[in-house]
Amino acid sequence: AAASYFREKFELTTESSAAIASIFGWMNLFARGVGGYTSDKLNSKMGMKGRLMWQGGLLIVEGVLVFIFANSNSLAASIVIMVFFSSIVQSAEGSTYGIVPYVNPPVTGSIAGIVGAGGNLGAVGFGLGFRQLDTIPAFYVMGGTIIASGFFTFLISIKGHAGLLSGQDSEEVIAAYMKTAGGPSPSQTLQIPEPDAEAAKEGDKDDQ
């Protein structure tokens, strides 16, 4: 999408457009880690609310940058905006995977797979959008969808954690991120679930 945008709007060659668009991927080298790191820091101060605020804010800014990028009339400005946009996109991805392990710890792998598949589904959907629509309207659809997803963050509710509008932190969670006496350290807020007694007995029988 970015390559075709540069080629059509600024009349660049396919090679030049592709080279400029490739900058988007280079932001992955650091931005995703920064997004996850910031999410962890906010979690240590505010709990899940901190993670969700960071996630929602990134998505809303990301969507706004899509609109700005689509309406830029300067090649240099478009490249700068794309760099910032890409950094926000990758940061949001890191922030997303900072939330995933809390949704349902026993099936974290499955949830991570669903989240990853959702990203691919979005790529296919927006790809079809750019095929069916002109470039600028397609960017508008993309930007509006991203902003809407940012506001949907307010509706996220995870058991045992306070959301932005609903839910309440459990005592264990509060003790962890407030580092109160006797509470587990932040690194212990997520633990590998242990099988119940019946499941353990059945496993022993199978081994015999």
# chains A, B, ... in the order shown; residues from 1 in each chain; ligands from 1
>>> select_by_dssp(residues="range 52-205 of chain A", states="alpha helix (DSSP H)", output="PyMOL selection string")
chain A and resi 52-70+75-103+108-132+135-152+171-178+197-205
>>> residues_around(residues="Ile20 in chain A", least_positions_apart="3", cutoff="12 Å", atoms="only C-alpha atoms", output="NGL selection string")
:A and (1-7 or 10 or 12-17 or 23-26 or 75-76 or 78-80 or 82-83)
>>> write_last_selection(atoms="N, CA, C and O atoms", output="mmCIF file, in the first residue's frame")
data_model
loop_
_atom_site.group_PDB
_atom_site.id
_atom_site.type_symbol
_atom_site.label_atom_id
_atom_site.label_comp_id
_atom_site.auth_asym_id
_atom_site.auth_seq_id
_atom_site.Cartn_x
_atom_site.Cartn_y
_atom_site.Cartn_z
ATOM 1 N N ALA A 1 0.822 -1.203 0.000
ATOM 2 C CA ALA A 1 0.000 0.000 0.000
ATOM 3 C C ALA A 1 0.861 1.259 0.000
ATOM 4 O O ALA A 1 0.621 2.190 -0.766
ATOM 5 N N ALA A 2 1.880 1.273 0.851
ATOM 6 C CA ALA A 2 2.749 2.449 0.922
ATOM 7 C C ALA A 2 3.522 2.634 -0.372
ATOM 8 O O ALA A 2 3.687 3.768 -0.866
ATOM 9 N N ALA A 3 3.998 1.532 -0.950
ATOM 10 C CA ALA A 3 4.765 1.624 -2.191
ATOM 11 C C ALA A 3 3.907 2.185 -3.322
ATOM 12 O O ALA A 3 4.350 3.064 -4.078
ATOM 13 N N SER A 4 2.673 1.686 -3.448
ATOM 14 C CA SER A 4 1.784 2.185 -4.502
ATOM 15 C C SER A 4 1.414 3.645 -4.261
ATOM 16 O O SER A 4 1.263 4.420 -5.214
ATOM 17 N N TYR A 5 1.295 4.012 -2.989
ATOM 18 C CA TYR A 5 0.988 5.409 -2.646
ATOM 19 C C TYR A 5 2.101 6.336 -3.119
ATOM 20 O O TYR A 5 1.845 7.358 -3.763
ATOM 21 N N PHE A 6 3.331 5.978 -2.815
ATOM 22 C CA PHE A 6 4.463 6.812 -3.234
ATOM 23 C C PHE A 6 4.586 6.852 -4.759
ATOM 24 O O PHE A 6 4.918 7.893 -5.340
ATOM 25 N N ARG A 7 4.330 5.735 -5.406
ATOM 26 C CA ARG A 7 4.452 5.675 -6.869
ATOM 27 C C ARG A 7 3.387 6.528 -7.548
ATOM 28 O O ARG A 7 3.678 7.274 -8.483
ATOM 29 N N PHE A 10 3.529 10.636 -5.939
ATOM 30 C CA PHE A 10 4.735 11.429 -6.192
ATOM 31 C C PHE A 10 5.446 11.009 -7.471
ATOM 32 O O PHE A 10 6.546 11.484 -7.755
ATOM 33 N N LEU A 12 6.977 8.350 -8.490
ATOM 34 C CA LEU A 12 8.290 7.730 -8.349
ATOM 35 C C LEU A 12 8.324 6.419 -9.125
ATOM 36 O O LEU A 12 7.291 5.855 -9.490
ATOM 37 N N THR A 13 9.516 5.919 -9.373
ATOM 38 C CA THR A 13 9.651 4.612 -9.999
ATOM 39 C C THR A 13 9.251 3.529 -8.994
ATOM 40 O O THR A 13 9.230 3.762 -7.775
ATOM 41 N N THR A 14 8.957 2.355 -9.508
ATOM 42 C CA THR A 14 8.584 1.243 -8.630
ATOM 43 C C THR A 14 9.713 0.910 -7.668
ATOM 44 O O THR A 14 9.488 0.628 -6.480
ATOM 45 N N GLU A 15 10.946 0.952 -8.170
ATOM 46 C CA GLU A 15 12.105 0.639 -7.321
ATOM 47 C C GLU A 15 12.250 1.647 -6.191
ATOM 48 O O GLU A 15 12.481 1.280 -5.033
ATOM 49 N N SER A 16 12.115 2.932 -6.506
ATOM 50 C CA SER A 16 12.258 3.978 -5.487
ATOM 51 C C SER A 16 11.127 3.888 -4.460
ATOM 52 O O SER A 16 11.348 4.027 -3.252
ATOM 53 N N SER A 17 9.918 3.642 -4.948
ATOM 54 C CA SER A 17 8.773 3.539 -4.043
ATOM 55 C C SER A 17 8.942 2.372 -3.085
ATOM 56 O O SER A 17 8.676 2.489 -1.884
ATOM 57 N N ILE A 23 11.327 1.144 4.573
ATOM 58 C CA ILE A 23 11.694 1.773 5.849
ATOM 59 C C ILE A 23 10.721 1.355 6.943
ATOM 60 O O ILE A 23 11.098 1.237 8.113
ATOM 61 N N PHE A 24 9.473 1.109 6.537
ATOM 62 C CA PHE A 24 8.437 0.709 7.500
ATOM 63 C C PHE A 24 8.886 -0.507 8.308
ATOM 64 O O PHE A 24 8.755 -0.543 9.531
ATOM 65 N N GLY A 25 9.434 -1.492 7.633
ATOM 66 C CA GLY A 25 9.842 -2.709 8.314
ATOM 67 C C GLY A 25 11.047 -2.524 9.217
ATOM 68 O O GLY A 25 11.180 -3.234 10.230
ATOM 69 N N TRP A 26 11.911 -1.578 8.886
ATOM 70 C CA TRP A 26 13.123 -1.384 9.697
ATOM 71 C C TRP A 26 12.808 -0.911 11.108
ATOM 72 O O TRP A 26 13.589 -1.129 12.037
ATOM 73 N N LEU A 75 6.906 14.792 -0.298
ATOM 74 C CA LEU A 75 7.553 13.483 -0.215
ATOM 75 C C LEU A 75 8.340 13.350 1.085
ATOM 76 O O LEU A 75 8.237 12.326 1.778
ATOM 77 N N ALA A 76 9.093 14.384 1.421
ATOM 78 C CA ALA A 76 9.903 14.335 2.643
ATOM 79 C C ALA A 76 9.010 14.201 3.873
ATOM 80 O O ALA A 76 9.281 13.393 4.777
ATOM 81 N N SER A 78 6.002 12.959 3.978
ATOM 82 C CA SER A 78 5.376 11.633 3.960
ATOM 83 C C SER A 78 6.309 10.574 4.539
ATOM 84 O O SER A 78 5.881 9.683 5.275
ATOM 85 N N ILE A 79 7.594 10.676 4.199
ATOM 86 C CA ILE A 79 8.567 9.702 4.701
ATOM 87 C C ILE A 79 8.705 9.835 6.219
ATOM 88 O O ILE A 79 8.732 8.836 6.946
ATOM 89 N N VAL A 80 8.785 11.070 6.704
ATOM 90 C CA VAL A 80 8.913 11.298 8.146
ATOM 91 C C VAL A 80 7.679 10.776 8.876
ATOM 92 O O VAL A 80 7.782 10.102 9.915
ATOM 93 N N MET A 82 5.680 8.453 7.858
ATOM 94 C CA MET A 82 5.672 6.993 7.794
ATOM 95 C C MET A 82 6.592 6.381 8.848
ATOM 96 O O MET A 82 6.281 5.341 9.432
ATOM 97 N N VAL A 83 7.726 7.033 9.099
ATOM 98 C CA VAL A 83 8.648 6.544 10.125
ATOM 99 C C VAL A 83 7.972 6.561 11.499
ATOM 100 O O VAL A 83 8.029 5.585 12.262
#
>>> residues_around(residues="Ile147 in chain A", least_positions_apart="2", cutoff="10 Å", atoms="only C-alpha atoms", output="list of chain:residue names")
A:Gly56, A:Gly57, A:Leu58, A:Leu59, A:Ile60, A:Val61, A:Glu62, A:Gly63, A:Val64, A:Val66, A:Met142, A:Gly143, A:Gly144, A:Thr145, A:Ser149, A:Gly150, A:Phe151, A:Phe152
>>> closest_atom_pairs(of="range 31-137 of chain A", to="range 160-170 of chain A", cutoff="8 Å", atoms="only C-alpha atoms", output="Markdown table")
| residue | atom | partner | partner_atom | distance |
| --- | --- | --- | --- | --- |
| A:Gly47 | CA | A:His161 | CA | 7.6 |
| A:Met48 | CA | A:His161 | CA | 6.0 |
| A:Lys49 | CA | A:Gly163 | CA | 5.6 |
| A:Leu52 | CA | A:Leu164 | CA | 7.1 |
| A:Met53 | CA | A:Leu164 | CA | 7.4 |
>>> write_last_selection(atoms="N, CA, C and O atoms", output="PDB file, in the first residue's frame")
ATOM      1  N   GLY A  47      -0.810  -1.233  37.080  1.00  0.00           N
ATOM      2  CA  GLY A  47      -1.460  -2.502  36.808  1.00  0.00           C
ATOM      3  C   GLY A  47      -1.949  -2.568  35.367  1.00  0.00           C
ATOM      4  O   GLY A  47      -1.446  -1.877  34.483  1.00  0.00           O
ATOM      5  N   MET A  48      -2.965  -3.393  35.132  1.00  0.00           N
ATOM      6  CA  MET A  48      -3.478  -3.583  33.778  1.00  0.00           C
ATOM      7  C   MET A  48      -3.998  -2.294  33.167  1.00  0.00           C
ATOM      8  O   MET A  48      -3.942  -2.108  31.937  1.00  0.00           O
ATOM      9  N   LYS A  49      -4.476  -1.384  33.981  1.00  0.00           N
ATOM     10  CA  LYS A  49      -4.933  -0.100  33.453  1.00  0.00           C
ATOM     11  C   LYS A  49      -3.818   0.607  32.698  1.00  0.00           C
ATOM     12  O   LYS A  49      -4.050   1.234  31.664  1.00  0.00           O
ATOM     13  N   LEU A  52      -3.449  -1.042  29.281  1.00  0.00           N
ATOM     14  CA  LEU A  52      -4.555  -0.728  28.390  1.00  0.00           C
ATOM     15  C   LEU A  52      -4.532   0.730  27.938  1.00  0.00           C
ATOM     16  O   LEU A  52      -4.860   1.035  26.779  1.00  0.00           O
ATOM     17  N   MET A  53      -4.153   1.638  28.831  1.00  0.00           N
ATOM     18  CA  MET A  53      -4.044   3.041  28.445  1.00  0.00           C
ATOM     19  C   MET A  53      -2.992   3.217  27.360  1.00  0.00           C
ATOM     20  O   MET A  53      -3.194   3.942  26.377  1.00  0.00           O
TER      21      MET A  53
END
>>> closest_residue(among="A:Val173, A:Val89, A:Ala70, A:Ile81", to="Ala138 in chain A", atoms="only C-alpha atoms")
A:Ala70
>>> atom_distance(atom1="CA of Ile136 in chain A", atom2="CA of Phe85 in chain A")
16.3 Å
>>> closest_residue(among="A:Leu128, A:Ile174, A:Leu29, A:Ile158", to="Asn104 in chain A", atoms="only C-alpha atoms")
A:Ile158
>>> closest_residue(among="A:Ile111, A:Val141, A:Met27, A:Ala148", to="Phe84 in chain A", atoms="only C-alpha atoms")
A:Met27
>>> atom_distance(atom1="CA of Gly129 in chain A", atom2="CA of Ile146 in chain A")
14.1 Å
>>> atom_distance(atom1="CA of Trp54 in chain A", atom2="CA of Val100 in chain A")
14.1 Å
